[in-house]
file my_file_26.txt (compact mmCIF, C-alpha atoms)
# COMPACT_ATOMS: atom_id res chain seq x y z
CA MET A 4 -7.75 48.65 -64.75
CA LYS A 5 -11.17 46.99 -64.85
CA LEU A 6 -13.41 45.59 -62.12
CA ASP A 7 -16.23 43.07 -62.62
CA ILE A 8 -18.22 41.72 -59.72
CA LYS A 9 -20.09 38.45 -60.23
CA SER A 10 -21.83 35.91 -58.03
CA GLU A 11 -20.61 32.29 -57.76
CA ASN A 12 -21.97 29.66 -55.34
CA GLY A 13 -23.25 32.34 -52.96
CA ALA A 14 -20.00 34.31 -52.87
CA ALA A 15 -19.35 37.63 -54.58
CA ILE A 16 -16.25 37.51 -56.78
CA ALA A 17 -14.53 40.77 -57.64
CA VAL A 18 -12.38 40.17 -60.71
CA ILE A 19 -9.77 42.89 -61.16
CA LYS A 20 -7.90 43.17 -64.45
CA GLY A 21 -4.83 45.30 -65.03
CA GLU A 22 -2.54 47.02 -62.52
CA ILE A 23 -3.09 47.95 -58.88
CA ASP A 24 -1.04 50.95 -57.79
CA HIS A 25 -1.70 54.20 -55.92
CA HIS A 26 -3.27 55.69 -59.06
CA THR A 27 -5.79 52.88 -59.68
CA ALA A 28 -6.45 51.90 -56.03
CA LYS A 29 -8.70 54.89 -55.34
CA SER A 30 -11.39 54.01 -57.88
CA LEU A 31 -11.18 50.30 -56.98
CA ARG A 32 -11.68 51.22 -53.33
CA GLU A 33 -14.72 53.35 -54.14
CA GLU A 34 -16.35 50.69 -56.34
CA LEU A 35 -15.70 47.83 -53.91
CA ASP A 36 -16.93 49.82 -50.91
CA LYS A 37 -20.12 50.80 -52.75
CA PHE A 38 -20.77 47.13 -53.50
CA VAL A 39 -20.02 45.92 -49.95
CA ILE A 40 -22.16 48.59 -48.28
CA THR A 41 -25.08 48.08 -50.70
CA MET A 42 -25.04 44.29 -51.04
CA GLN A 43 -23.57 43.24 -47.63
CA PRO A 44 -22.08 39.99 -49.05
CA GLU A 45 -21.26 37.16 -46.67
CA THR A 46 -18.06 36.52 -48.62
CA LEU A 47 -16.23 38.79 -51.03
CA ALA A 48 -13.44 37.11 -52.98
CA ILE A 49 -10.98 39.39 -54.74
CA ASP A 50 -9.68 37.54 -57.80
CA LEU A 51 -6.12 38.69 -58.57
CA GLY A 52 -5.55 36.15 -61.37
CA ASN A 53 -5.65 38.83 -64.07
CA ILE A 54 -3.52 41.36 -62.22
CA THR A 55 -0.35 42.23 -64.10
CA PHE A 56 1.12 44.44 -61.36
CA MET A 57 0.53 45.18 -57.68
CA ASP A 58 2.57 47.14 -55.17
CA SER A 59 1.87 48.01 -51.52
CA SER A 60 -1.09 50.17 -52.62
CA GLY A 61 -2.80 46.81 -53.19
CA ILE A 62 -2.02 45.86 -49.60
CA GLY A 63 -3.74 49.03 -48.37
CA LEU A 64 -6.70 48.19 -50.60
CA ILE A 65 -6.96 44.63 -49.24
CA ILE A 66 -6.58 45.61 -45.57
CA GLY A 67 -9.19 48.35 -45.97
CA ARG A 68 -11.71 45.94 -47.54
CA TYR A 69 -10.91 43.30 -44.89
CA LYS A 70 -11.82 45.81 -42.17
CA LEU A 71 -14.99 46.99 -43.93
CA LEU A 72 -16.24 43.44 -44.51
CA LYS A 73 -15.51 42.54 -40.90
CA GLU A 74 -17.57 45.55 -39.75
CA CYS A 75 -20.41 44.40 -42.03
CA GLY A 76 -20.27 40.82 -40.72
CA GLY A 77 -18.70 39.41 -43.89
CA ARG A 78 -15.31 37.99 -44.79
CA LEU A 79 -12.70 38.56 -47.45
CA GLU A 80 -10.85 36.02 -49.58
CA ILE A 81 -8.02 36.48 -52.05
CA ARG A 82 -7.91 34.25 -55.10
CA ARG A 83 -5.27 33.33 -57.68
CA PRO A 84 -2.42 35.73 -56.83
CA GLN A 85 0.63 35.29 -59.05
CA PRO A 86 3.83 34.18 -57.29
CA TYR A 87 5.38 37.64 -56.97
CA ILE A 88 2.08 39.15 -55.75
CA ARG A 89 1.99 36.32 -53.20
CA ARG A 90 5.38 37.59 -51.97
CA VAL A 91 3.96 41.11 -51.47
CA LEU A 92 0.96 39.63 -49.62
CA LYS A 93 3.23 37.53 -47.41
CA LEU A 94 5.53 40.46 -46.66
CA ALA A 95 2.50 42.34 -45.33
CA GLY A 96 1.23 39.33 -43.35
CA ILE A 97 -2.04 39.25 -45.33
CA ASP A 98 -1.82 35.45 -45.38
CA ARG A 99 -2.33 35.47 -41.60
CA ILE A 100 -5.66 37.34 -41.69
CA VAL A 101 -7.17 36.52 -45.08
CA LYS A 102 -7.71 33.17 -46.78
CA ILE A 103 -5.61 33.02 -49.95
CA ILE A 104 -6.68 30.42 -52.48
CA MET B 9 32.43 50.12 -61.59
CA LYS B 10 31.97 51.14 -65.22
CA VAL B 11 28.57 52.33 -66.41
CA VAL B 12 27.46 50.42 -69.51
CA ASN B 13 24.34 52.46 -70.21
CA GLU B 14 22.29 55.13 -68.47
CA ILE B 15 18.99 56.99 -68.77
CA LYS B 16 17.65 60.01 -66.93
CA PHE B 17 14.18 61.43 -67.09
CA VAL B 18 12.08 63.96 -65.24
CA MET B 19 8.33 63.82 -64.85
CA PRO B 20 5.66 65.76 -62.94
CA SER B 21 4.43 64.13 -59.73
CA LEU B 22 1.13 62.93 -61.20
CA SER B 23 -0.14 59.55 -60.00
CA VAL B 24 -0.76 58.48 -63.61
CA ASN B 25 3.03 58.63 -64.04
CA GLU B 26 3.58 55.77 -61.57
CA ALA B 27 2.83 53.32 -64.40
CA ALA B 28 4.90 55.40 -66.86
CA ALA B 29 7.93 55.26 -64.52
CA ARG B 30 7.61 51.47 -64.18
CA ALA B 31 7.31 51.04 -67.94
CA ALA B 32 10.30 53.28 -68.69
CA VAL B 33 12.56 51.56 -66.15
CA SER B 34 11.44 48.09 -67.36
CA SER B 35 12.16 49.02 -70.97
CA PHE B 36 15.68 50.09 -70.01
CA VAL B 37 16.44 47.13 -67.73
CA ILE B 38 15.25 44.54 -70.24
CA GLN B 39 18.45 45.03 -72.31
CA ALA B 40 20.30 43.21 -69.50
CA ASP B 41 18.02 40.17 -69.92
CA PRO B 42 16.69 39.98 -66.33
CA THR B 43 14.57 37.06 -65.17
CA VAL B 44 10.81 37.63 -64.95
CA GLU B 45 11.12 37.73 -61.15
CA GLU B 46 13.98 40.27 -61.19
CA LEU B 47 12.03 42.55 -63.52
CA ALA B 48 8.92 42.28 -61.31
CA ASP B 49 11.03 43.14 -58.24
CA ILE B 50 12.49 46.23 -59.92
CA ARG B 51 9.12 47.43 -61.24
CA THR B 52 7.59 47.06 -57.77
CA ALA B 53 10.44 48.90 -56.01
CA VAL B 54 10.30 51.76 -58.56
CA SER B 55 6.55 52.04 -58.12
CA GLU B 56 6.93 52.29 -54.33
CA ALA B 57 9.61 55.00 -54.55
CA VAL B 58 7.70 57.10 -57.10
CA THR B 59 4.47 56.76 -55.10
CA ASN B 60 6.31 58.00 -52.00
CA CYS B 61 7.41 61.13 -53.90
CA ILE B 62 3.79 61.81 -54.95
CA VAL B 63 1.99 60.90 -51.72
CA HIS B 64 4.52 62.12 -49.16
CA GLY B 65 7.17 64.31 -50.82
CA TYR B 66 4.71 66.51 -52.67
CA ARG B 67 1.59 65.88 -50.59
CA GLY B 68 -1.13 68.26 -51.82
CA THR B 69 1.30 70.00 -54.16
CA GLN B 70 3.02 69.16 -57.43
CA GLY B 71 6.69 69.02 -58.28
CA LYS B 72 9.20 67.12 -60.35
CA ILE B 73 10.49 63.60 -59.92
CA GLU B 74 13.87 62.76 -61.40
CA LEU B 75 14.77 59.17 -62.23
CA THR B 76 18.25 57.93 -63.10
CA VAL B 77 18.80 54.32 -64.12
CA LYS B 78 22.22 52.84 -64.80
CA LEU B 79 23.33 49.45 -65.99
CA MET B 80 26.75 48.69 -64.55
CA GLU B 81 29.41 46.41 -65.98
CA ASN B 82 28.83 43.80 -63.25
CA ARG B 83 25.10 43.53 -64.21
CA GLU B 84 24.09 45.72 -61.31
CA ILE B 85 21.09 47.97 -61.84
CA TYR B 86 21.39 51.35 -60.11
CA ILE B 87 18.21 53.39 -59.68
CA LYS B 88 18.00 56.87 -58.17
CA ILE B 89 14.60 58.48 -57.60
CA LYS B 90 14.70 62.05 -56.39
CA ASP B 91 12.11 64.66 -55.42
CA ASN B 92 12.40 68.24 -54.20
CA GLY B 93 9.51 67.89 -51.78
CA CYS B 94 9.08 68.33 -48.04
CA GLY B 95 11.69 65.77 -47.01
CA ILE B 96 11.46 63.11 -44.30
CA PRO B 97 11.98 64.41 -40.75
CA ASP B 98 13.09 61.00 -39.40
CA VAL B 99 14.30 58.57 -42.08
CA LYS B 100 14.90 55.73 -39.61
CA GLN B 101 11.30 55.94 -38.37
CA ALA B 102 9.93 56.25 -41.93
CA MET B 103 11.69 53.02 -42.87
CA GLU B 104 10.08 51.04 -40.06
CA PRO B 105 7.52 48.54 -41.41
CA LEU B 106 3.91 49.77 -41.15
CA PHE B 107 4.91 53.35 -40.30
CA THR B 108 2.79 55.75 -42.35
CA THR B 109 1.81 59.40 -42.20
CA ALA B 110 -1.07 58.87 -44.65
CA PRO B 111 -3.39 56.25 -43.11
CA GLU B 112 -6.43 58.15 -44.47
CA GLU B 113 -5.27 57.21 -47.97
CA GLU B 114 -4.92 53.57 -46.87
CA ARG B 115 -1.15 53.69 -47.22
CA SER B 116 0.10 50.47 -45.68
CA GLY B 117 3.47 51.81 -44.51
CA LEU B 118 5.24 49.04 -46.40
CA GLY B 119 6.82 51.03 -49.23
CA PHE B 120 10.38 51.00 -47.86
CA SER B 121 10.00 47.39 -46.66
CA VAL B 122 9.07 46.33 -50.20
CA MET B 123 12.03 48.28 -51.66
CA GLU B 124 14.40 46.68 -49.14
CA SER B 125 13.02 43.18 -49.74
CA PHE B 126 12.95 43.34 -53.52
CA MET B 127 16.27 45.11 -54.11
CA ASP B 128 19.77 44.27 -52.83
CA LYS B 129 20.58 47.66 -51.34
CA LEU B 130 18.52 50.72 -50.40
CA THR B 131 19.85 54.13 -49.35
CA VAL B 132 17.58 57.02 -48.40
CA LYS B 133 18.87 60.58 -48.09
CA SER B 134 16.53 63.37 -47.07
CA ARG B 135 16.63 67.00 -45.97
CA LYS B 136 13.68 68.89 -44.58
CA ASP B 137 12.10 71.18 -47.22
CA LYS B 138 14.80 70.16 -49.72
CA GLY B 139 13.64 66.72 -50.80
CA THR B 140 14.45 63.04 -50.73
CA SER B 141 16.67 60.75 -52.79
CA VAL B 142 16.21 57.00 -52.84
CA ILE B 143 19.02 54.93 -54.30
CA MET B 144 18.40 51.25 -54.98
CA ARG B 145 20.74 48.64 -56.39
CA LYS B 146 20.10 45.14 -57.63
CA ARG B 147 22.59 42.72 -59.17
CA LEU B 148 21.00 40.67 -61.92
CA SER B 149 21.74 36.97 -62.07
CA VAL B 150 23.74 35.45 -64.88
CA HIS B 151 21.56 32.91 -66.62
CA GLY B 152 21.70 30.96 -69.84
CA SER B 153 20.47 32.73 -72.96

call {"tool": "encode", "arguments": {"input": "my_file_26.txt", "output": "C-alpha cells"}}
result
Amino acid sequence: MKLDIKSENGAAIAVIKGEIDHHTAKSLREELDKFVITMQPETLAIDLGNITFMDSSGIGLIIGRYKLLKECGGRLEIRRPQPYIRRVLKLAGIDRIVKII
Amino acid sequence: MKVVNEIKFVMPSLSVNEAAARAAVSSFVIQADPTVEELADIRTAVSEAVTNCIVHGYRGTQGKIELTVKLMENREIYIKIKDNGCGIPDVKQAMEPLFTTAPEEERSGLGFSVMESFMDKLTVKSRKDKGTSVIMRKRLSVHGS
C-alpha cells in the first residue's frame, strides 16, 4: 500500500495504491489525518483508481476522514473507484454524503 | 452434492494474514474459472470474515483461524471461516447493518452486510467463549470459455 498526496487546481489529491483492508487502513488513517490537521485543505480527494482491493475497512476510513474534514471546514471527494468498489461504497451509502467522481 | 476439490488451512490471527487469506482463497477458486466480479465478491467476503475473527473474535489476544474452501460439483463455492475466540453474544444484532462493537477502530459495522450482499448464502454460528463459524456459499455462473 502506498499513499501520495499532491495538489491539483487547489484541491489536495490523495492517491492510494494497493489494497485497503483492516491491516493497511491504520497507517492510511494516520497519514491522512496528519495531512488534514496540518494543511487544513478545503477539498481532499481520495483517488481510488489504483486500488486493487477494498473491503468495509475502506468504508470506515472514508467515513472517518469525511467527519474530520467536516470538523475542519473542508470536504471530501472520492475519485475513480472501480465498479466493484463502487458497489461497496453504495452499500454503505457513501454516495449520499460524499461526491464520487 | 459431491465435493470436487477442497483446501483447509490454519493461520494465526495476525492482520497481515487478511491479504494472505484472500490470496489463498482466490488461488483455489480460480480453477473454477469465475468471472472477475465473482472473484472480487469472494475475496471481499473472505476479507470481512477473517477481519471479524481478528478484530472481534480475538480482540486484544491471538488465536487460530481455520479456513475451509470447497468446490462443489454444481460450481458452488463453500467457504467456512472459524475462530475459537470470544463468540458473539447476539448473532442477530451483530448482523444488523452498521452495528459495531469497535467504533474506536473505525469499524463500519458492515462486515456481515457485505458478506450477505456478495455471497448467495451466509450462516453464522457462535457460542460464547467457544468461537464463531461463518459459512458462505456462492454458485458461480456458467460462462463461455

call {"tool": "closest_residue", "arguments": {"input": "my_file_26.txt", "among": "B:Thr43, B:Lys100, B:Ala29, B:Cys94", "to": "B:Thr131", "atoms": "all atoms listed in the file"}}
result
B:Lys100

call {"tool": "residues_around", "arguments": {"input": "my_file_26.txt", "residues": "stretch 108-116 of chain B", "least_positions_apart": "4", "cutoff": "10 Å", "atoms": "only C-alpha atoms", "output": "list of chain:residue names"}}
result
A:His25, A:Ala28, A:Lys29, A:Arg32, A:Ser59, A:Ser60, A:Gly61, A:Ile62, A:Gly63, A:Leu64, A:Ile65, A:Ile66, A:Gly67, A:Ala95, B:Asn60, B:Val63, B:His64, B:Arg67, B:Gln101, B:Ala102, B:Met103, B:Glu104

call {"tool": "interface_residues", "arguments": {"input": "my_file_26.txt", "of": "chain B", "to": "chain A", "cutoff": "10 Å", "atoms": "all atoms listed in the file", "output": "ChimeraX atom specification"}}
result
/B:22-27,30,44-46,48-49,51-56,58-60,62-63,105-106,111,113-122,125-126

call {"tool": "atom_distance", "arguments": {"input": "my_file_26.txt", "atom1": "atom CA of A:Val18", "atom2": "atom CA of A:Gly96"}}
result
22.1 Å

call {"tool": "atom_distance", "arguments": {"input": "my_file_26.txt", "atom1": "atom CA of A:Ser30", "atom2": "atom CA of A:Asp50"}}
result
16.6 Å

call {"tool": "residues_around", "arguments": {"input": "my_file_26.txt", "residues": "B:Ala32", "least_positions_apart": "3", "cutoff": "10 Å", "atoms": "all atoms listed in the file", "output": "ChimeraX atom specification"}}
result
/B:15,17,27-29,35-37,51,75,77

call {"tool": "atom_distance", "arguments": {"input": "my_file_26.txt", "atom1": "atom CA of A:Lys9", "atom2": "atom CA of A:Asn53"}}
result
14.9 Å

call {"tool": "residues_around", "arguments": {"input": "my_file_26.txt", "residues": "A:Thr46", "least_positions_apart": "3", "cutoff": "9 Å", "atoms": "all atoms listed in the file", "output": "number ranges by chain"}}
result
A: 13-16, 43, 72, 77-80

call {"tool": "closest_residue", "arguments": {"input": "my_file_26.txt", "among": "A:Lys5, A:Gly52, A:Lys73, A:Arg82", "to": "A:Leu31", "atoms": "all atoms listed in the file"}}
result
A:Lys5

call {"tool": "residues_around", "arguments": {"input": "my_file_26.txt", "residues": "A:Val101", "least_positions_apart": "2", "cutoff": "8 Å", "atoms": "only C-alpha atoms", "output": "PyMOL selection string"}}
result
chain A and resi 69+79-81+97-99+103

call {"tool": "residues_near_point", "arguments": {"input": "my_file_26.txt", "point": "(14.3, 69.4, -52.5)", "cutoff": "12 Å", "atoms": "only C-alpha atoms", "output": "list in words"}}
result
Cys61, Gly65, Tyr66, Gly71, Lys72, Ile73, Glu74, Lys90, Asp91, Asn92, Gly93, Cys94, Gly95, Ile96, Lys133, Ser134, Arg135, Lys136, Asp137, Lys138, Gly139, Thr140 and Ser141 of chain B

call {"tool": "write_last_selection", "arguments": {"input": "my_file_26.txt", "atoms": "C-alpha atoms", "output": "PDB file, keeping the file's coordinate frame"}}
result
ATOM      1  CA  CYS B  61       7.410  61.130 -53.900  1.00  0.00           C
ATOM      2  CA  GLY B  65       7.170  64.310 -50.820  1.00  0.00           C
ATOM      3  CA  TYR B  66       4.710  66.510 -52.670  1.00  0.00           C
ATOM      4  CA  GLY B  71       6.690  69.020 -58.280  1.00  0.00           C
ATOM      5  CA  LYS B  72       9.200  67.120 -60.350  1.00  0.00           C
ATOM      6  CA  ILE B  73      10.490  63.600 -59.920  1.00  0.00           C
ATOM      7  CA  GLU B  74      13.870  62.760 -61.400  1.00  0.00           C
ATOM      8  CA  LYS B  90      14.700  62.050 -56.390  1.00  0.00           C
ATOM      9  CA  ASP B  91      12.110  64.660 -55.420  1.00  0.00           C
ATOM     10  CA  ASN B  92      12.400  68.240 -54.200  1.00  0.00           C
ATOM     11  CA  GLY B  93       9.510  67.890 -51.780  1.00  0.00           C
ATOM     12  CA  CYS B  94       9.080  68.330 -48.040  1.00  0.00           C
ATOM     13  CA  GLY B  95      11.690  65.770 -47.010  1.00  0.00           C
ATOM     14  CA  ILE B  96      11.460  63.110 -44.300  1.00  0.00           C
ATOM     15  CA  LYS B 133      18.870  60.580 -48.090  1.00  0.00           C
ATOM     16  CA  SER B 134      16.530  63.370 -47.070  1.00  0.00           C
ATOM     17  CA  ARG B 135      16.630  67.000 -45.970  1.00  0.00           C
ATOM     18  CA  LYS B 136      13.680  68.890 -44.580  1.00  0.00           C
ATOM     19  CA  ASP B 137      12.100  71.180 -47.220  1.00  0.00           C
ATOM     20  CA  LYS B 138      14.800  70.160 -49.720  1.00  0.00           C
ATOM     21  CA  GLY B 139      13.640  66.720 -50.800  1.00  0.00           C
ATOM     22  CA  THR B 140      14.450  63.040 -50.730  1.00  0.00           C
ATOM     23  CA  SER B 141      16.670  60.750 -52.790  1.00  0.00           C
TER      24      SER B 141
END

call {"tool": "closest_residue", "arguments": {"input": "my_file_26.txt", "among": "B:Ile38, B:Ala57, B:Met144, B:Gln70", "to": "B:Met19", "atoms": "only C-alpha atoms"}}
result
B:Gln70

call {"tool": "closest_residue", "arguments": {"input": "my_file_26.txt", "among": "A:Ile54, A:Lys37, A:Asp7, A:Arg68", "to": "A:Pro84", "atoms": "all atoms listed in the file"}}
result
A:Ile54
